[in-house]
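**Student:** Structure file structure14.csv, CSV, C-alpha atoms and all ligand atoms, is pasted below:
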```csv
chain,number,residue,atom,x,y,z
T,1,MET,CA,61.9,28.1,-20.6
T,2,ARG,CA,58.4,27.9,-19.0
T,3,ALA,CA,55.5,30.1,-20.1
T,4,ARG,CA,51.9,30.3,-18.8
T,5,ALA,CA,49.4,30.3,-21.7
T,6,ALA,CA,45.7,29.9,-22.5
T,7,ILE,CA,45.2,26.9,-24.8
T,8,ILE,CA,42.5,25.0,-26.5
T,9,ARG,CA,42.8,21.2,-26.4
T,10,GLU,CA,39.4,20.3,-27.8
T,11,THR,CA,36.7,22.4,-29.5
T,12,GLY,CA,33.7,23.2,-27.3
T,13,THR,CA,35.7,23.1,-24.1
T,14,PRO,CA,36.8,26.3,-22.2
T,15,TRP,CA,40.1,27.9,-22.5
T,16,GLU,CA,42.6,26.2,-20.2
T,17,VAL,CA,45.4,28.2,-18.6
T,18,THR,CA,48.5,26.0,-18.2
T,19,GLU,CA,52.2,26.1,-18.1
T,20,LEU,CA,54.1,25.1,-21.2
T,21,GLU,CA,57.7,24.5,-22.2
T,22,LEU,CA,59.0,27.0,-24.8
T,23,ASP,CA,61.9,26.2,-27.1
T,24,GLU,CA,64.7,28.6,-27.9
T,25,PRO,CA,64.3,30.6,-31.1
T,26,LYS,CA,65.8,29.0,-34.3
T,27,ALA,CA,67.9,31.0,-36.8
T,28,ASP,CA,65.2,33.3,-38.2
T,29,GLU,CA,63.0,33.3,-35.1
T,30,VAL,CA,62.6,35.6,-32.1
T,31,ARG,CA,61.3,35.2,-28.6
T,32,ILE,CA,58.8,37.8,-27.5
T,33,ARG,CA,57.6,38.6,-24.0
T,34,PHE,CA,54.0,39.7,-24.6
T,35,VAL,CA,52.9,42.6,-22.4
T,36,VAL,CA,49.4,42.8,-23.9
T,37,SER,CA,47.2,40.5,-26.0
T,38,GLY,CA,44.0,41.6,-27.7
T,39,MET,CA,41.0,39.2,-27.5
T,40,CYS,CA,39.8,38.9,-31.1
T,41,HIS,CA,36.7,37.0,-32.0
T,42,SER,CA,38.7,34.7,-34.2
T,43,ASP,CA,40.2,32.9,-31.2
T,44,GLU,CA,36.7,32.2,-30.0
T,45,HIS,CA,35.9,30.8,-33.4
T,46,LEU,CA,38.7,28.4,-32.8
T,47,ARG,CA,37.3,27.4,-29.4
T,48,THR,CA,33.8,26.8,-30.6
T,49,GLY,CA,34.9,25.0,-33.7
T,50,ASP,CA,33.4,27.6,-36.1
T,51,SER,CA,36.9,27.7,-37.6
T,52,VAL,CA,39.0,24.5,-37.9
T,53,ALA,CA,42.6,24.4,-36.7
T,54,ARG,CA,45.1,21.9,-35.5
T,55,LEU,CA,44.7,21.3,-31.8
T,56,PRO,CA,45.9,21.6,-29.1
T,57,MET,CA,46.8,25.2,-29.8
T,58,VAL,CA,47.9,28.3,-27.9
T,59,GLY,CA,45.3,31.1,-28.5
T,60,GLY,CA,45.8,34.7,-29.3
T,61,HIS,CA,46.9,36.5,-32.5
T,62,GLU,CA,47.0,40.2,-31.4
T,63,GLY,CA,50.0,40.9,-29.3
T,64,ALA,CA,52.5,43.6,-28.4
T,65,GLY,CA,55.6,43.1,-26.4
T,66,VAL,CA,59.4,43.2,-26.2
T,67,VAL,CA,61.9,41.1,-28.1
T,68,GLU,CA,63.9,39.0,-25.6
T,69,ALA,CA,66.0,36.8,-27.7
T,70,VAL,CA,66.8,36.5,-31.4
T,71,GLY,CA,68.1,33.7,-33.6
T,72,SER,CA,71.4,33.9,-35.5
T,73,ALA,CA,69.9,35.0,-38.8
T,74,VAL,CA,67.4,37.6,-37.5
T,75,THR,CA,67.8,41.1,-39.1
T,76,ARG,CA,64.4,42.7,-38.8
T,77,VAL,CA,64.4,43.2,-35.0
T,78,ALA,CA,66.9,43.2,-32.1
T,79,VAL,CA,66.7,42.4,-28.4
T,80,GLY,CA,64.9,45.1,-26.6
T,81,ASP,CA,62.8,46.3,-29.5
T,82,HIS,CA,59.1,46.9,-29.0
T,83,VAL,CA,57.1,45.0,-31.5
T,84,VAL,CA,53.5,44.3,-32.7
T,85,CYS,CA,52.9,40.9,-34.1
T,86,SER,CA,51.0,40.9,-37.4
T,87,PHE,CA,48.5,38.1,-37.5
T,88,ILE,CA,49.7,37.3,-41.0
T,89,PRO,CA,53.4,37.1,-41.4
T,90,ALA,CA,55.0,39.2,-44.2
T,91,CYS,CA,58.1,37.4,-45.6
T,92,GLY,CA,58.8,40.3,-48.0
T,93,VAL,CA,59.9,38.0,-50.9
T,94,CYS,CA,57.0,35.8,-52.0
T,95,ARG,CA,54.9,36.6,-55.0
T,96,TYR,CA,52.3,38.4,-52.9
T,97,CYS,CA,54.6,40.3,-50.6
T,98,SER,CA,56.7,41.5,-53.5
T,99,THR,CA,53.7,42.8,-55.3
T,100,GLY,CA,52.3,44.8,-52.4
T,101,HIS,CA,49.9,42.2,-51.1
T,102,GLN,CA,51.5,41.3,-47.8
T,103,ASN,CA,48.1,40.2,-46.4
T,104,LEU,CA,48.3,37.3,-48.8
T,105,CYS,CA,51.8,36.2,-47.9
T,106,ASP,CA,52.5,32.6,-48.6
T,107,ARG,CA,53.9,32.2,-45.1
T,108,GLY,CA,50.3,32.5,-43.8
T,109,ALA,CA,49.7,28.9,-44.9
T,110,GLU,CA,50.5,27.6,-41.4
T,111,MET,CA,48.2,30.0,-39.5
T,112,ALA,CA,45.8,27.3,-38.5
T,113,THR,CA,48.5,24.9,-37.4
T,114,GLY,CA,51.0,27.3,-35.8
T,115,LYS,CA,53.9,25.4,-37.4
T,116,LEU,CA,57.0,27.6,-37.9
T,117,GLY,CA,59.4,27.5,-40.8
T,118,ASP,CA,61.1,24.2,-40.4
T,119,GLY,CA,57.8,22.4,-39.7
T,120,GLY,CA,58.3,22.4,-35.9
T,121,PHE,CA,56.4,23.5,-32.9
T,122,ARG,CA,57.9,25.6,-30.2
T,123,PHE,CA,55.4,25.0,-27.4
T,124,HIS,CA,55.2,21.7,-25.7
T,125,ASP,CA,53.1,20.5,-22.7
T,126,ASP,CA,54.2,18.2,-19.9
T,127,ALA,CA,52.4,15.2,-21.5
T,128,GLY,CA,54.7,15.5,-24.5
T,129,ASN,CA,52.2,17.2,-26.9
T,130,ASP,CA,53.4,19.8,-29.4
T,131,LEU,CA,51.4,23.0,-29.6
T,132,GLY,CA,51.3,25.7,-32.3
T,133,GLY,CA,50.4,29.3,-31.6
T,134,PHE,CA,47.3,30.5,-33.5
T,135,CYS,CA,48.4,32.5,-36.6
T,136,MET,CA,51.9,31.3,-35.9
T,137,LEU,CA,51.9,33.6,-32.8
T,138,GLY,CA,50.1,32.4,-29.6
T,139,THR,CA,49.8,35.8,-27.9
T,140,PHE,CA,47.7,34.2,-25.0
T,141,SER,CA,51.1,33.0,-23.8
T,142,GLU,CA,53.3,35.3,-21.7
T,143,ARG,CA,56.2,34.4,-24.1
T,144,ALA,CA,56.2,32.9,-27.6
T,145,VAL,CA,58.8,32.1,-30.3
T,146,VAL,CA,57.7,33.5,-33.6
T,147,ASN,CA,59.2,34.0,-37.1
T,148,GLN,CA,60.7,37.4,-37.6
T,149,ALA,CA,58.3,37.8,-40.5
T,150,SER,CA,55.5,38.2,-38.0
T,151,CYS,CA,57.2,41.1,-36.2
T,152,VAL,CA,56.7,44.8,-36.9
T,153,ARG,CA,58.9,47.1,-34.8
T,154,ILE,CA,57.2,50.1,-33.2
T,155,GLU,CA,58.3,53.3,-31.5
T,156,GLU,CA,58.7,53.1,-27.7
T,157,ASP,CA,56.2,55.9,-27.0
T,158,ILE,CA,53.3,53.8,-28.2
T,159,PRO,CA,51.5,52.1,-25.3
T,160,PHE,CA,51.4,48.3,-25.6
T,161,GLU,CA,47.7,48.3,-24.9
T,162,VAL,CA,47.0,50.2,-28.1
T,163,ALA,CA,49.8,48.6,-30.1
T,164,ALA,CA,48.3,45.1,-29.5
T,165,LEU,CA,45.1,46.2,-31.3
T,166,VAL,CA,46.8,47.1,-34.6
T,167,GLY,CA,47.9,43.5,-35.1
T,168,CYS,CA,44.5,42.3,-36.4
T,169,GLY,CA,41.2,44.0,-35.6
T,170,VAL,CA,42.0,47.6,-36.3
T,171,PRO,CA,43.7,47.2,-39.7
T,172,THR,CA,41.1,44.6,-40.7
T,173,GLY,CA,38.2,47.0,-39.9
T,174,TRP,CA,39.9,50.2,-41.0
T,175,GLY,CA,41.2,48.5,-44.2
T,176,SER,CA,37.7,47.1,-45.0
T,177,SER,CA,36.5,50.7,-45.5
T,178,VAL,CA,39.7,52.4,-46.7
T,179,ASN,CA,41.6,49.7,-48.7
T,180,VAL,CA,38.9,47.3,-49.8
T,181,ALA,CA,35.7,49.4,-50.2
T,182,LYS,CA,37.8,52.5,-51.0
T,183,VAL,CA,35.0,54.6,-49.5
T,184,GLY,CA,34.9,58.0,-51.2
T,185,ALA,CA,33.9,61.5,-50.0
T,186,GLY,CA,30.1,61.8,-49.8
T,187,ASP,CA,29.4,58.0,-50.0
T,188,THR,CA,26.6,56.3,-48.1
T,189,VAL,CA,28.1,53.3,-46.2
T,190,VAL,CA,26.3,50.7,-44.1
T,191,VAL,CA,28.3,48.7,-41.6
T,192,PHE,CA,26.8,45.5,-40.3
T,193,GLY,CA,28.2,44.7,-36.8
T,194,ALA,CA,30.0,47.2,-34.7
T,195,GLY,CA,32.4,45.1,-32.6
T,196,GLY,CA,36.1,45.1,-32.4
T,197,VAL,CA,36.5,45.0,-36.2
T,198,GLY,CA,33.3,46.8,-37.2
T,199,MET,CA,34.0,49.8,-35.0
T,200,ASN,CA,37.2,50.3,-37.0
T,201,ALA,CA,35.3,50.0,-40.3
T,202,VAL,CA,33.2,52.8,-39.0
T,203,GLN,CA,36.1,55.0,-38.1
T,204,GLY,CA,37.8,54.2,-41.4
T,205,ALA,CA,34.7,55.1,-43.4
T,206,ALA,CA,34.3,58.3,-41.4
T,207,TYR,CA,37.9,59.3,-42.1
T,208,ALA,CA,37.5,58.5,-45.8
T,209,GLY,CA,34.6,60.9,-46.0
T,210,ALA,CA,31.3,58.9,-45.9
T,211,LYS,CA,28.4,61.3,-45.7
T,212,ASN,CA,25.8,58.8,-44.4
T,213,LEU,CA,27.5,56.2,-42.2
T,214,VAL,CA,24.8,53.7,-41.1
T,215,VAL,CA,25.5,51.1,-38.5
T,216,VAL,CA,23.3,48.0,-37.9
T,217,ASP,CA,23.9,46.2,-34.6
T,218,PRO,CA,21.4,44.6,-32.2
T,219,VAL,CA,23.3,45.7,-29.1
T,220,ALA,CA,22.4,49.1,-27.8
T,221,PHE,CA,25.8,49.7,-26.2
T,222,LYS,CA,27.6,49.1,-29.5
T,223,ARG,CA,25.2,51.4,-31.4
T,224,GLU,CA,25.9,54.2,-28.9
T,225,LYS,CA,29.6,53.6,-29.1
T,226,ALA,CA,29.4,53.6,-33.0
T,227,LEU,CA,28.1,57.2,-32.8
T,228,GLU,CA,31.3,58.2,-31.0
T,229,PHE,CA,33.3,56.6,-33.7
T,230,GLY,CA,31.6,58.5,-36.5
T,231,ALA,CA,28.3,56.7,-37.3
T,232,THR,CA,25.6,59.1,-38.4
T,233,HIS,CA,22.6,56.7,-38.1
T,234,VAL,CA,22.3,53.5,-36.0
T,235,PHE,CA,19.7,50.8,-36.2
T,236,ALA,CA,19.0,47.6,-34.3
T,237,ASP,CA,18.0,45.6,-37.4
T,238,ALA,CA,18.6,45.5,-41.1
T,239,GLY,CA,15.0,46.1,-42.1
T,240,GLU,CA,14.8,49.5,-40.4
T,241,ALA,CA,18.2,50.4,-41.8
T,242,HIS,CA,17.1,49.5,-45.3
T,243,GLU,CA,14.0,51.8,-45.1
T,244,ALA,CA,16.2,54.7,-43.8
T,245,VAL,CA,18.8,54.2,-46.5
T,246,VAL,CA,16.1,54.3,-49.2
T,247,GLN,CA,14.9,57.7,-47.7
T,248,MET,CA,18.3,59.2,-47.2
T,249,THR,CA,19.5,58.4,-50.8
T,250,ARG,CA,16.2,59.1,-52.5
T,251,GLY,CA,16.0,55.4,-53.5
T,252,GLN,CA,19.5,55.1,-54.9
T,253,LEU,CA,20.6,52.9,-52.0
T,254,ALA,CA,24.1,52.7,-50.4
T,255,ASP,CA,27.4,52.8,-52.2
T,256,HIS,CA,28.9,50.3,-49.8
T,257,ALA,CA,27.9,47.6,-47.3
T,258,ILE,CA,30.5,46.2,-45.0
T,259,CYS,CA,29.9,42.9,-43.2
T,260,THR,CA,31.8,42.9,-39.9
T,261,VAL,CA,29.4,40.8,-37.7
T,262,GLY,CA,30.7,38.3,-35.2
T,263,VAL,CA,29.6,35.3,-37.2
T,264,LEU,CA,28.7,35.8,-40.9
T,265,THR,CA,25.4,34.4,-42.0
T,266,ALA,CA,23.5,34.2,-45.3
T,267,ASP,CA,20.9,36.6,-43.9
T,268,VAL,CA,23.5,39.3,-43.2
T,269,VAL,CA,25.1,38.9,-46.7
T,270,SER,CA,21.6,39.1,-48.3
T,271,ALA,CA,20.7,42.2,-46.3
T,272,ALA,CA,24.0,43.8,-47.3
T,273,ALA,CA,23.5,43.0,-51.0
T,274,ALA,CA,20.0,44.4,-50.9
T,275,ILE,CA,21.1,47.7,-49.3
T,276,VAL,CA,23.7,48.7,-52.0
T,277,GLY,CA,22.5,50.3,-55.2
T,278,LYS,CA,23.8,50.1,-58.8
T,279,GLY,CA,27.5,49.6,-59.0
T,280,GLY,CA,27.6,49.2,-55.2
T,281,GLN,CA,29.9,46.9,-53.3
T,282,VAL,CA,29.5,44.4,-50.5
T,283,THR,CA,32.7,44.0,-48.6
T,284,VAL,CA,32.8,40.6,-46.8
T,285,THR,CA,35.1,40.9,-43.7
T,286,SER,CA,33.6,38.4,-41.3
T,287,VAL,CA,33.8,34.6,-41.5
T,288,GLY,CA,31.0,32.2,-40.9
T,289,ARG,CA,30.8,28.6,-39.8
T,290,THR,CA,33.0,26.1,-41.6
T,291,GLY,CA,30.8,23.9,-43.9
T,292,GLU,CA,28.0,26.5,-44.3
T,293,ASN,CA,27.5,28.7,-47.4
T,294,GLN,CA,27.0,32.3,-46.4
T,295,ILE,CA,26.9,33.9,-49.8
T,296,GLN,CA,23.6,32.9,-51.6
T,297,LEU,CA,22.4,35.5,-54.0
T,298,ALA,CA,20.3,35.7,-57.1
T,299,ALA,CA,22.6,36.6,-60.0
T,300,GLY,CA,19.9,38.1,-62.2
T,301,GLY,CA,18.4,41.3,-60.8
T,302,GLY,CA,20.5,41.5,-57.7
T,303,VAL,CA,24.1,41.0,-58.8
T,304,VAL,CA,24.2,41.3,-62.6
T,305,GLY,CA,21.4,43.8,-63.2
T,306,TYR,CA,22.6,46.2,-60.5
T,307,GLN,CA,26.3,45.4,-61.3
T,308,ARG,CA,26.9,44.8,-57.6
T,309,ASN,CA,30.3,43.6,-56.5
T,310,ILE,CA,30.9,41.1,-53.7
T,311,GLN,CA,34.5,41.5,-52.4
T,312,GLY,CA,36.1,39.2,-49.8
T,313,HIS,CA,39.4,40.0,-48.3
T,314,ILE,CA,41.7,39.2,-45.4
T,315,PHE,CA,43.3,41.7,-43.0
T,316,GLY,CA,41.6,44.6,-44.8
T,317,MET,CA,44.0,44.2,-47.7
T,318,SER,CA,46.6,45.7,-45.4
T,319,ASN,CA,50.4,45.5,-45.8
T,320,PRO,CA,51.4,45.1,-42.2
T,321,LEU,CA,54.9,46.6,-42.6
T,322,TYR,CA,53.3,49.7,-44.0
T,323,ASP,CA,49.8,49.9,-42.5
T,324,ILE,CA,50.7,49.1,-38.9
T,325,PRO,CA,53.1,52.1,-38.6
T,326,ARG,CA,50.7,54.2,-40.6
T,327,LEU,CA,47.8,53.5,-38.2
T,328,LEU,CA,50.0,54.2,-35.2
T,329,ASP,CA,51.0,57.5,-36.7
T,330,LEU,CA,47.3,58.4,-37.1
T,331,TYR,CA,46.8,57.4,-33.5
T,332,ARG,CA,49.7,59.6,-32.4
T,333,ALA,CA,48.2,62.5,-34.4
T,334,GLY,CA,44.8,62.0,-32.6
T,335,ARG,CA,43.1,60.9,-35.8
T,336,LEU,CA,42.5,57.3,-34.9
T,337,LYS,CA,40.7,56.1,-31.7
T,338,LEU,CA,42.4,53.2,-30.1
T,339,GLU,CA,42.2,53.5,-26.3
T,340,GLU,CA,38.5,54.1,-26.8
T,341,LEU,CA,38.1,50.6,-28.3
T,342,ILE,CA,39.2,48.9,-25.0
T,343,THR,CA,36.2,48.2,-22.8
T,344,ARG,CA,37.8,45.9,-20.3
T,345,ARG,CA,41.1,44.5,-19.2
T,346,TYR,CA,41.6,40.9,-18.0
T,347,THR,CA,44.3,38.8,-16.5
T,348,LEU,CA,45.2,35.6,-18.4
T,349,ASP,CA,43.2,33.6,-15.8
T,350,GLU,CA,40.1,35.6,-16.7
T,351,VAL,CA,40.2,34.7,-20.4
T,352,ASN,CA,37.0,32.7,-20.3
T,353,GLN,CA,35.2,35.6,-18.6
T,354,GLY,CA,36.5,37.9,-21.3
T,355,TYR,CA,35.0,35.8,-24.1
T,356,GLN,CA,31.7,35.5,-22.2
T,357,ASP,CA,31.5,39.3,-22.0
T,358,LEU,CA,32.2,39.5,-25.7
T,359,ASP,CA,29.5,36.9,-26.4
T,360,GLU,CA,27.0,38.8,-24.3
T,361,GLY,CA,27.8,42.1,-26.1
T,362,LYS,CA,29.2,43.8,-23.1
T,363,ILE,CA,32.6,44.8,-24.6
T,364,VAL,CA,33.9,46.1,-27.9
T,365,ARG,CA,37.4,44.9,-27.3
T,366,GLY,CA,38.9,43.1,-24.3
T,367,ILE,CA,42.6,42.8,-23.7
T,368,ILE,CA,44.7,40.5,-21.6
T,369,LEU,CA,47.5,42.1,-19.5
T,370,HIS,CA,50.2,39.5,-19.0
T,371,GLU,CA,51.9,39.5,-15.7
T,372,GLY,CA,55.0,37.4,-16.6
N,401,ZN,ZN,41.8,38.8,-35.2
N,402,ZN,ZN,55.4,36.8,-48.3
```
What do you get writing this file as structure tokens?
**Tutor:**
Amino acid sequence: MRARAAIIRETGTPWEVTELELDEPKADEVRIRFVVSGMCHSDEHLRTGDSVARLPMVGGHEGAGVVEAVGSAVTRVAVGDHVVCSFIPACGVCRYCSTGHQNLCDRGAEMATGKLGDGGFRFHDDAGNDLGGFCMLGTFSERAVVNQASCVRIEEDIPFEVAALVGCGVPTGWGSSVNVAKVGAGDTVVVFGAGGVGMNAVQGAAYAGAKNLVVVDPVAFKREKALEFGATHVFADAGEAHEAVVQMTRGQLADHAICTVGVLTADVVSAAAAIVGKGGQVTVTSVGRTGENQIQLAAGGGVVGYQRNIQGHIFGMSNPLYDIPRLLDLYRAGRLKLEELITRRYTLDEVNQGYQDLDEGKIVRGIILHEG
């Protein structure tokens, strides 16, 4: 079968929209027709080379669509089911899945190669190159073959546009506040970076009961938007935010800082560590450039003396099979903003425009509407 897809052949070059050959699903695999794909920053990390992956690769790891074909051993989904793809598969039986840490599933080991179970690739170009799908998905393709462990079935009343967002960015941000930081009622929380992930850290912290919810973002449009998502104070830079947090907490500083900037830097981590008080936690959600050290802190007064905790995580410590339906239930109940995250819709051919808009701070979340 043929499928149009946006791929990266070489880091530093633009997304290339091309037609690929797609294999039939093997025993425990399914073919999905993606209706909508989210445009997460991590795909752009792949393109710029900030993250290292096997190339060429089909981009995209936030997708919702319809199951079109299933292999002989598939039990989780059936043809015609609406599904969201989790950006980390959840096999259900590895050490991590079976202890309630599906975000650490061993199956995630091939996310940067896109290899499926038997070591093979399901996408091929006309020159004979094999391509993986990013995060073993490749939602920038109209169709993809994925392992059933990547699929979460959803109810048919959920629009695909919002469903696509709960495959990565929303659970990562929401989970940063709710699962990782475990924000409590009355806490003071500072969120660094209010993009597609950070905006959900804001709404998660608001839902969990933060009293002071401070957002630091240099982009005016994102600061305004953050106020709609529950922020109580917004600042363009960390220094101003620090002064304000000193005032609003009578010098006790924040309970939590959450780093959800586009590209993590040592400056952001240092500002985050300095803004939390005794026993406070810095939650590190973003990734930085490969080969750089972003966490450089003095142990003495800063970390040991104040008993500060620095906590990294992936996917907001979410269990996709539980958290994705849970978030969609909150959306249905009007308690989680999802449509409001979508600033612009693009065709597949406009993928480079979409990432340029993201880079220029014009959008919180862009989505691709597939036409295939
Ligand atoms: Zn993502
Ligand atoms: Zn697993």
**Student:** Could you tell me how far atom CA of T:Phe87 lies from atom CA of T:Val269, in Å and to one decimal?
**Tutor:**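 Result for atom CA of T:Phe87 versus atom CA of T:Val269: 25.2 Å, one decimal.
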**Student:** Which residue out of T:Pro56, T:Gly316, T:Gly291, T:Gly301 has the minimum interatomic distance to ligand ZN 401 (chain N) when all atoms listed in the file are used?
**Tutor:**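 Checking each candidate against ligand ZN 401 (chain N), we get T:Gly316 as the closest.
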**Student:** To check your reading of the model: which residues sit at most 6 Å from ligand ZN 402 (chain N) when counting only C-alpha atoms and all ligand atoms? Write the answer as a list in words.
**Tutor:**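 Based on only C-alpha atoms and all ligand atoms, ligand ZN 402 (chain N) is surrounded within 6 Å by Ala90, Cys91, Gly92, Val93, Cys94, Tyr96, Cys97, Gln102, Cys105, Asp106 and Arg107 of chain T.
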**Student:** Please return as number ranges by chain the residues found within 10 Å of ligand ZN 401 (chain N), counting all atoms listed in the file.
**Tutor:** T: 38-44, 60-62, 86-88, 135, 165-172, 196-197, 315
**Student:** Considering only C-alpha atoms, tabulate each residue of stretch 203-233 of chain T that lies at most 12 Å from stretch 255-267 of chain T along with its nearest interatomic pair and the corresponding distance in Å to one decimal; arrange the rows by chain and ascending residue number and present them as JSON lines.
**Tutor:**
```
{"residue": "T:Gly204", "atom": "CA", "partner": "T:Ile258", "partner_atom": "CA", "distance": 11.4}
{"residue": "T:Ala205", "atom": "CA", "partner": "T:His256", "partner_atom": "CA", "distance": 9.9}
{"residue": "T:Ala210", "atom": "CA", "partner": "T:Asp255", "partner_atom": "CA", "distance": 9.6}
{"residue": "T:Lys211", "atom": "CA", "partner": "T:Asp255", "partner_atom": "CA", "distance": 10.7}
{"residue": "T:Asn212", "atom": "CA", "partner": "T:Asp255", "partner_atom": "CA", "distance": 10.0}
{"residue": "T:Leu213", "atom": "CA", "partner": "T:His256", "partner_atom": "CA", "distance": 9.7}
{"residue": "T:Val214", "atom": "CA", "partner": "T:Ala257", "partner_atom": "CA", "distance": 9.2}
{"residue": "T:Val215", "atom": "CA", "partner": "T:Ile258", "partner_atom": "CA", "distance": 9.6}
{"residue": "T:Val216", "atom": "CA", "partner": "T:Val261", "partner_atom": "CA", "distance": 9.4}
{"residue": "T:Asp217", "atom": "CA", "partner": "T:Val261", "partner_atom": "CA", "distance": 8.3}
{"residue": "T:Pro218", "atom": "CA", "partner": "T:Val261", "partner_atom": "CA", "distance": 10.4}
{"residue": "T:Val219", "atom": "CA", "partner": "T:Val261", "partner_atom": "CA", "distance": 11.6}
{"residue": "T:Lys222", "atom": "CA", "partner": "T:Val261", "partner_atom": "CA", "distance": 11.8}
```
**Student:** So what do you get for atom CA of T:Phe34 versus atom CA of T:Phe140, distance-wise?
**Tutor:**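 Between atom CA of T:Phe34 and atom CA of T:Phe140 the gap is 8.4 Å.
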**Student:** Rank T:Val364, T:Gly184, T:Glu142, T:Arg153 by their smallest atom-to-atom distance to T:Val79, using all atoms listed in the file, and report the top residue only.
**Tutor:**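 Using all atoms listed in the file, T:Val79 sits closest to T:Arg153.
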**Student:** Would you mind listing, for every residue of stretch 43-129 of chain T within 6 Å of stretch 7-25 of chain T, the two atoms forming the shortest contact and the distance between them in Å to one decimal, using all atoms listed in the file, sorted by chain and ascending residue number, as a tab-separated table?
**Tutor:**
```
residue	atom	partner	partner_atom	distance
T:Arg47	CA	T:Thr11	CA	5.0
T:Thr48	CA	T:Gly12	CA	4.9
T:Gly49	CA	T:Thr11	CA	5.3
T:Leu55	CA	T:Arg9	CA	5.7
T:Pro56	CA	T:Arg9	CA	4.1
T:Met57	CA	T:Ile8	CA	5.4
T:Val58	CA	T:Ile7	CA	4.3
T:Gly59	CA	T:Ile7	CA	5.6
T:Gly71	CA	T:Pro25	CA	5.5
T:Arg122	CA	T:Asp23	CA	5.1
T:Phe123	CA	T:Leu22	CA	4.9
T:His124	CA	T:Glu21	CA	5.1
T:Asp125	CA	T:Leu20	CA	4.9
```
**Student:** List the spatial neighbours of stretch 342-352 of chain T as a ChimeraX atom specification - criterion: any atom at most 6 Å away, only C-alpha atoms, same-chain residues fewer than 5 positions off excluded.
**Tutor:** /T:363-369
**Student:** Using only C-alpha atoms, which of T:Leu336, T:Val303, T:Gly132, T:Met317 sits nearest T:Gly230?
**Tutor:**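 Using only C-alpha atoms, T:Gly230 sits closest to T:Leu336.
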